[in-house]
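Student: My file is start35.pdb. It has PDB, C-alpha atoms:
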```
ATOM      1  CA  MET A 289     -51.014 153.785 185.755
ATOM      2  CA  SER A 290     -53.927 152.959 183.526
ATOM      3  CA  PHE A 291     -54.136 153.852 179.861
ATOM      4  CA  ILE A 292     -57.929 153.616 179.878
ATOM      5  CA  ARG A 293     -60.030 156.517 181.118
ATOM      6  CA  PRO A 294     -62.017 155.779 184.306
ATOM      7  CA  GLU A 295     -65.329 156.356 182.495
ATOM      8  CA  ALA A 296     -64.354 153.839 179.819
ATOM      9  CA  GLN A 297     -63.296 151.335 182.489
ATOM     10  CA  GLN A 298     -66.689 151.691 184.203
ATOM     11  CA  THR A 299     -68.493 151.106 180.908
ATOM     12  CA  ILE A 300     -66.354 148.061 180.121
ATOM     13  CA  MET A 301     -67.004 146.625 183.580
ATOM     14  CA  ARG A 302     -70.753 147.249 183.293
ATOM     15  CA  PHE A 303     -70.981 145.417 179.948
ATOM     16  CA  ARG A 304     -68.203 142.836 180.518
ATOM     17  CA  GLU A 305     -70.354 139.711 180.023
ATOM     18  CA  ILE A 306     -71.751 141.111 176.785
ATOM     19  CA  LEU A 307     -68.266 141.921 175.470
ATOM     20  CA  VAL A 308     -66.960 138.453 176.322
ATOM     21  CA  GLY A 309     -70.072 136.891 174.753
ATOM     22  CA  VAL A 310     -69.591 138.840 171.521
ATOM     23  CA  ALA A 311     -65.921 137.794 171.362
ATOM     24  CA  LEU A 312     -66.881 134.141 171.901
ATOM     25  CA  ASP A 313     -69.662 134.435 169.319
ATOM     26  CA  LEU A 314     -67.118 135.700 166.777
ATOM     27  CA  LEU A 315     -64.792 132.805 167.628
ATOM     28  CA  GLY A 316     -67.666 130.359 167.185
ATOM     29  CA  LEU A 317     -68.600 131.885 163.835
ATOM     30  CA  VAL A 318     -64.983 131.612 162.651
ATOM     31  CA  LEU A 319     -65.016 127.915 163.606
ATOM     32  CA  ILE A 320     -68.310 127.385 161.798
ATOM     33  CA  VAL A 321     -67.203 129.158 158.615
ATOM     34  CA  THR A 322     -63.624 127.872 158.364
ATOM     35  CA  GLY A 323     -63.821 124.562 160.177
ATOM     36  CA  ARG A 324     -64.661 121.074 159.071
ATOM     37  CA  GLY A 325     -66.300 118.159 160.825
ATOM     38  CA  LEU A 326     -66.071 118.408 164.618
ATOM     39  CA  ALA A 327     -64.779 122.000 164.529
ATOM     40  CA  VAL A 328     -68.085 123.159 163.036
ATOM     41  CA  TRP A 329     -70.047 121.522 165.874
ATOM     42  CA  ILE A 330     -67.700 123.034 168.454
ATOM     43  CA  GLY A 331     -68.320 126.416 166.820
ATOM     44  CA  VAL A 332     -72.083 125.897 167.076
ATOM     45  CA  ALA A 333     -71.763 125.001 170.771
ATOM     46  CA  VAL A 334     -69.568 128.056 171.403
ATOM     47  CA  CYS A 335     -72.120 130.297 169.642
ATOM     48  CA  ILE A 336     -74.992 128.897 171.713
ATOM     49  CA  GLY A 337     -73.066 129.381 174.965
ATOM     50  CA  ALA A 338     -71.964 132.866 173.922
ATOM     51  CA  SER A 339     -75.536 133.844 173.088
ATOM     52  CA  ALA A 340     -76.673 132.724 176.543
ATOM     53  CA  LEU A 341     -73.840 134.762 178.077
ATOM     54  CA  ILE A 342     -74.903 137.817 176.079
ATOM     55  CA  LEU A 343     -78.528 137.499 177.262
ATOM     56  CA  ALA A 344     -77.428 137.149 180.890
ATOM     57  CA  GLY A 345     -75.038 140.067 180.412
ATOM     58  CA  ILE A 346     -77.838 142.295 179.157
ATOM     59  CA  GLN A 347     -79.834 141.637 182.338
ATOM     60  CA  ARG A 348     -76.798 142.236 184.551
ATOM     61  CA  ALA A 349     -75.905 145.451 182.712
ATOM     62  CA  ARG A 350     -79.434 146.740 183.272
ATOM     63  CA  PHE A 351     -79.100 145.892 186.980
ATOM     64  CA  ARG A 352     -75.754 147.615 187.507
ATOM     65  CA  LYS A 353     -76.202 151.265 188.323
ATOM     66  CA  GLY A 354     -72.631 152.165 189.134
ATOM     67  CA  ALA A 355     -70.720 152.212 192.361
ATOM     68  CA  GLY A 356     -69.288 154.746 194.730
ATOM     69  CA  GLY A 357     -72.476 155.148 196.745
ATOM     70  CA  ALA A 358     -72.698 155.074 200.501
ATOM     71  CA  GLY A 359     -71.777 151.803 202.157
ATOM     72  CA  VAL A 360     -70.669 148.337 201.138
ATOM     73  CA  VAL A 361     -72.767 145.291 200.263
ATOM     74  CA  ASN A 362     -71.489 141.792 200.934
ATOM     75  CA  VAL A 363     -73.259 138.604 199.827
ATOM     76  CA  VAL A 364     -71.882 135.435 201.414
ATOM     77  CA  GLU A 365     -73.537 132.011 201.698
ATOM     78  CA  GLY A 366     -77.127 133.174 201.438
ATOM     79  CA  ALA A 367     -76.759 136.242 203.635
ATOM     80  CA  VAL A 368     -76.821 139.851 202.459
ATOM     81  CA  SER A 369     -74.905 142.289 204.650
ATOM     82  CA  TYR A 370     -74.845 146.042 204.285
ATOM     83  CA  PHE A 371     -72.371 148.258 206.084
ATOM     84  CA  GLY A 372     -73.337 151.899 205.645
ATOM     85  CA  PRO A 373     -72.241 155.170 207.182
ATOM     86  CA  LEU A 374     -75.493 155.534 209.163
ATOM     87  CA  THR A 375     -77.191 152.135 209.045
ATOM     88  CA  GLY A 376     -76.383 148.536 208.375
ATOM     89  CA  GLY A 377     -77.365 144.994 209.048
ATOM     90  CA  ALA A 378     -77.742 141.541 207.589
ATOM     91  CA  VAL A 379     -80.599 139.506 206.166
ATOM     92  CA  SER A 380     -80.724 135.793 205.463
ATOM     93  CA  LEU A 381     -82.146 135.183 201.985
ATOM     94  CA  ARG A 382     -83.805 131.967 203.197
ATOM     95  CA  GLU A 383     -85.654 133.859 205.932
ATOM     96  CA  MET A 384     -86.374 137.016 203.959
ATOM     97  CA  ASN A 385     -90.092 137.812 203.587
ATOM     98  CA  ARG A 386     -90.160 140.709 201.161
ATOM     99  CA  LEU A 387     -88.014 142.571 198.656
ATOM    100  CA  SER A 388     -89.114 146.099 197.781
ATOM    101  CA  PHE A 389     -87.779 148.957 195.717
ATOM    102  CA  ASP A 390     -88.070 152.453 197.214
ATOM    103  CA  PRO A 391     -87.515 155.192 194.601
ATOM    104  CA  ARG A 392     -88.357 158.039 197.028
ATOM    105  CA  GLN A 393     -84.842 158.098 198.441
ATOM    106  CA  THR A 394     -81.779 159.451 196.664
ATOM    107  CA  PRO A 395     -80.394 157.181 195.337
ATOM    108  CA  PRO A 396     -83.243 154.652 195.240
ATOM    109  CA  HIS A 397     -82.932 151.838 197.786
ATOM    110  CA  TRP A 398     -83.593 148.122 197.942
ATOM    111  CA  VAL A 399     -85.587 147.228 201.053
ATOM    112  CA  LEU A 400     -85.042 143.708 202.383
ATOM    113  CA  GLU A 401     -87.449 142.601 205.115
ATOM    114  CA  GLN A 402     -87.096 139.667 207.481
ATOM    115  CA  THR A 403     -89.458 138.834 210.355
ATOM    116  CA  GLY A 404     -88.066 139.925 213.698
ATOM    117  CA  HIS A 405     -85.558 142.382 212.185
ATOM    118  CA  ASP A 406     -85.658 145.992 211.099
ATOM    119  CA  PRO A 407     -85.894 146.416 207.316
ATOM    120  CA  LEU A 408     -82.488 146.643 205.634
ATOM    121  CA  PHE A 409     -82.202 149.624 203.265
ATOM    122  CA  ILE A 410     -79.477 149.273 200.620
ATOM    123  CA  PRO A 411     -78.707 152.071 198.128
ATOM    124  CA  MET A 412     -78.681 150.905 194.498
ATOM    125  CA  ASN A 413     -75.203 152.328 193.984
ATOM    126  CA  ALA A 414     -73.570 150.997 197.153
ATOM    127  CA  GLU A 415     -70.205 149.387 196.583
ATOM    128  CA  GLY A 416     -70.763 145.704 195.725
ATOM    129  CA  ALA A 417     -74.511 146.142 195.056
ATOM    130  CA  ASP A 418     -74.155 144.343 191.708
ATOM    131  CA  ALA A 419     -73.794 141.099 193.711
ATOM    132  CA  LEU A 420     -77.439 141.507 194.710
ATOM    133  CA  PHE A 421     -78.519 140.431 191.215
ATOM    134  CA  ASP A 422     -77.338 136.866 191.819
ATOM    135  CA  ALA A 423     -78.702 136.918 195.366
ATOM    136  CA  PHE A 424     -82.138 138.042 194.182
ATOM    137  CA  GLU A 425     -82.140 135.482 191.355
ATOM    138  CA  GLY A 426     -82.169 132.774 194.047
ATOM    139  CA  LEU A 427     -85.536 133.960 195.378
ATOM    140  CA  LYS A 428     -88.181 131.490 194.259
ATOM    141  CA  GLY A 429     -90.784 133.184 192.077
ATOM    142  CA  LEU A 430     -88.853 136.421 191.485
ATOM    143  CA  LYS A 431     -89.673 137.951 188.104
ATOM    144  CA  THR A 432     -86.374 139.377 186.859
ATOM    145  CA  GLN A 433     -87.840 141.413 184.012
ATOM    146  CA  HIS A 434     -90.313 143.045 186.403
ATOM    147  CA  MET A 435     -87.459 143.943 188.771
ATOM    148  CA  LEU A 436     -85.389 145.442 185.948
ATOM    149  CA  ARG A 437     -88.374 147.373 184.595
ATOM    150  CA  VAL A 438     -89.039 148.910 188.038
ATOM    151  CA  MET A 439     -85.362 149.819 188.423
ATOM    152  CA  ASN A 440     -85.050 151.474 185.032
ATOM    153  CA  ASP A 441     -88.419 153.260 185.071
ATOM    154  CA  PRO A 442     -89.033 153.905 188.774
ATOM    155  CA  PRO A 443     -92.566 154.597 189.957
ATOM    156  CA  ALA A 444     -93.406 157.376 192.434
ATOM    157  CA  ALA A 445     -94.098 155.025 195.360
ATOM    158  CA  PRO A 446     -92.323 151.946 196.752
ATOM    159  CA  VAL A 447     -93.037 148.707 194.899
ATOM    160  CA  THR A 448     -92.939 145.146 196.199
ATOM    161  CA  ILE A 449     -90.720 143.167 193.838
ATOM    162  CA  TRP A 450     -90.987 139.807 195.585
ATOM    163  CA  GLN A 451     -92.839 138.401 198.573
ATOM    164  CA  ARG A 452     -92.525 134.974 200.154
ATOM    165  CA  ASP A 453     -95.494 132.616 199.835
ATOM    166  CA  SER A 454     -97.514 135.104 197.887
ATOM    167  CA  SER A 455     -98.608 134.557 194.333
ATOM    168  CA  THR A 456     -99.657 138.173 193.962
ATOM    169  CA  VAL A 457     -96.913 140.725 193.520
ATOM    170  CA  ARG A 458     -97.929 144.332 193.001
ATOM    171  CA  ARG A 459     -97.405 145.261 189.376
ATOM    172  CA  LEU A 460     -96.892 148.598 187.727
ATOM    173  CA  THR A 461     -99.824 149.604 185.564
TER     174      THR A 461
END
```
What would you get if you wrote out this structure as structure tokens?

Tutor:
Amino acid sequence: MSFIRPEAQQTIMRFREILVGVALDLLGLVLIVTGRGLAVWIGVAVCIGASALILAGIQRARFRKGAGGAGVVNVVEGAVSYFGPLTGGAVSLREMNRLSFDPRQTPPHWVLEQTGHDPLFIPMNAEGADALFDAFEGLKGLKTQHMLRVMNDPPAAPVTIWQRDSSTVRRLT
């Protein structure tokens, strides 16, 4: 039995890195204000680390769009697998050619393309889809802010977020 409402739990889980970062920042500030000598420098280091955690948490919170959607996403050792009620498959991140965002579907889908395979369509709110953030971060040349901007203000047509060996990625204008 939980004493926290499910909606509150979802909000806490969405912003968990930010909440931990704020708590660590407060601890660091207490060390800076009340400490002496080495304790002050430890407080400064804690504040710097906490600030980095808060910035990363903001990006992750913007990426998380909830759960409970169709299917399950699994990211293991450089491979993204999706097990859905109607479709599914796996894509190796090392062999992936293109990452797109398709807002025409409900909910919007990530489209992962790999040569020789059918495109893998993953709903944004599939269970475990928040693990895709770390997987996508490993793609060389991916622009995280561009990806988050497309997710939070979706265009009318599909957008290429990342493409292998291409310096030109379609931008929203």

Student: Interatomic distance between CA of Arg452 in chain A and CA of Leu381 in chain A?

Tutor: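 Computing it gives 10.5 Å between the two atoms.
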
Student: Enter the distance from CA of Leu374 in chain A to CA of Ala419 in chain A, in Å, rounded to one decimal.

Tutor: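 Calculated distance between CA of Leu374 in chain A and CA of Ala419 in chain A is 21.2 Å.
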
Student: Could you spell out the hits of the PyMOL selection byres ((chain A and resi 320) around 10) on the shown file, as number ranges by chain?

Tutor: A: 314-319, 321-335

Student: Could you tell me how far CA of Arg437 in chain A sits from CA of Arg350 in chain A, in Å to one decimal place?

Tutor: 9.1 Å

Student: If you apply the PyMOL selection byres ((chain A and resi 367) around 12) to this file, what residues do you get, as a ChimeraX atom specification?

Tutor: /A:361-366,368-370,377-384,400,402,419-420,422-424,426

Student: Keeping only C-alpha atoms, write the selected residues to a file as a PDB file, in the frame of the given file.

Tutor:
```pdb
ATOM      1  CA  VAL A 361     -72.767 145.291 200.263  1.00  0.00           C
ATOM      2  CA  ASN A 362     -71.489 141.792 200.934  1.00  0.00           C
ATOM      3  CA  VAL A 363     -73.259 138.604 199.827  1.00  0.00           C
ATOM      4  CA  VAL A 364     -71.882 135.435 201.414  1.00  0.00           C
ATOM      5  CA  GLU A 365     -73.537 132.011 201.698  1.00  0.00           C
ATOM      6  CA  GLY A 366     -77.127 133.174 201.438  1.00  0.00           C
ATOM      7  CA  VAL A 368     -76.821 139.851 202.459  1.00  0.00           C
ATOM      8  CA  SER A 369     -74.905 142.289 204.650  1.00  0.00           C
ATOM      9  CA  TYR A 370     -74.845 146.042 204.285  1.00  0.00           C
ATOM     10  CA  GLY A 377     -77.365 144.994 209.048  1.00  0.00           C
ATOM     11  CA  ALA A 378     -77.742 141.541 207.589  1.00  0.00           C
ATOM     12  CA  VAL A 379     -80.599 139.506 206.166  1.00  0.00           C
ATOM     13  CA  SER A 380     -80.724 135.793 205.463  1.00  0.00           C
ATOM     14  CA  LEU A 381     -82.146 135.183 201.985  1.00  0.00           C
ATOM     15  CA  ARG A 382     -83.805 131.967 203.197  1.00  0.00           C
ATOM     16  CA  GLU A 383     -85.654 133.859 205.932  1.00  0.00           C
ATOM     17  CA  MET A 384     -86.374 137.016 203.959  1.00  0.00           C
ATOM     18  CA  LEU A 400     -85.042 143.708 202.383  1.00  0.00           C
ATOM     19  CA  GLN A 402     -87.096 139.667 207.481  1.00  0.00           C
ATOM     20  CA  ALA A 419     -73.794 141.099 193.711  1.00  0.00           C
ATOM     21  CA  LEU A 420     -77.439 141.507 194.710  1.00  0.00           C
ATOM     22  CA  ASP A 422     -77.338 136.866 191.819  1.00  0.00           C
ATOM     23  CA  ALA A 423     -78.702 136.918 195.366  1.00  0.00           C
ATOM     24  CA  PHE A 424     -82.138 138.042 194.182  1.00  0.00           C
ATOM     25  CA  GLY A 426     -82.169 132.774 194.047  1.00  0.00           C
TER      26      GLY A 426
END
```

Student: Would you kindly identify which residues have an atom no farther than 10 Å from (-70.8, 154.2, 194.2), using all atoms listed in the file and the file's own coordinates, and write them out as a PDB file with C-alpha atoms, keeping the file's coordinate frame?

Tutor:
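What follows is the written file out_21.pdb:
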```pdb
ATOM      1  CA  LYS A 353     -76.202 151.265 188.323  1.00  0.00           C
ATOM      2  CA  GLY A 354     -72.631 152.165 189.134  1.00  0.00           C
ATOM      3  CA  ALA A 355     -70.720 152.212 192.361  1.00  0.00           C
ATOM      4  CA  GLY A 356     -69.288 154.746 194.730  1.00  0.00           C
ATOM      5  CA  GLY A 357     -72.476 155.148 196.745  1.00  0.00           C
ATOM      6  CA  ALA A 358     -72.698 155.074 200.501  1.00  0.00           C
ATOM      7  CA  GLY A 359     -71.777 151.803 202.157  1.00  0.00           C
ATOM      8  CA  VAL A 360     -70.669 148.337 201.138  1.00  0.00           C
ATOM      9  CA  PRO A 411     -78.707 152.071 198.128  1.00  0.00           C
ATOM     10  CA  MET A 412     -78.681 150.905 194.498  1.00  0.00           C
ATOM     11  CA  ASN A 413     -75.203 152.328 193.984  1.00  0.00           C
ATOM     12  CA  ALA A 414     -73.570 150.997 197.153  1.00  0.00           C
ATOM     13  CA  GLU A 415     -70.205 149.387 196.583  1.00  0.00           C
ATOM     14  CA  GLY A 416     -70.763 145.704 195.725  1.00  0.00           C
ATOM     15  CA  ALA A 417     -74.511 146.142 195.056  1.00  0.00           C
TER      16      ALA A 417
END
```

Student: Under the PyMOL selection byres ((chain A and resi 448) around 8), which residues of this model are included? Write them out as a VMD selection string.

Tutor: chain A and resid 386 to 389 446 to 447 449 to 451 457 to 458

Student: Go through A:Glu295, A:Arg392, A:Gly376, A:Lys428 one by one, measure the shortest atom-to-atom distance of each to Pro407 in chain A using all atoms listed in the file, and give the residue with the smallest value.

Tutor: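 Smallest distance to Pro407 in chain A is found for A:Gly376.
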
Student: For Met301 in chain A, work out the shell of residues within 12 Å, counting all atoms listed in the file and skipping chain neighbours fewer than 3 positions away, then give it as JSON, numbers by chain.

Tutor: {"A": [294, 295, 296, 297, 298, 304, 305, 306, 307, 308, 345, 348, 349, 352, 353, 354, 355, 418]}

Student: Smallest atom-to-atom distance to Leu312 in chain A: which of A:Met439, A:Val399, A:Ile292, A:Ile336, using only C-alpha atoms?

Tutor: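 Ranked by minimum distance to Leu312 in chain A, first place goes to A:Ile336.
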
Student: Between A:Asp313, A:Asp390, A:Asp453, A:Glu401, single out the one closest to Gly429 in chain A, counting only C-alpha atoms.

Tutor: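 Between A:Asp313, A:Asp390, A:Asp453, A:Glu401, the residue approaching Gly429 in chain A most closely is A:Asp453.
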
Student: Go through A:Leu436, A:Leu408, A:Leu427, A:Ala445 one by one, measure the shortest atom-to-atom distance of each to Gln393 in chain A using all atoms listed in the file, and give the residue with the smallest value.

Tutor: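 Closest residue, counting all atoms listed in the file: A:Ala445.
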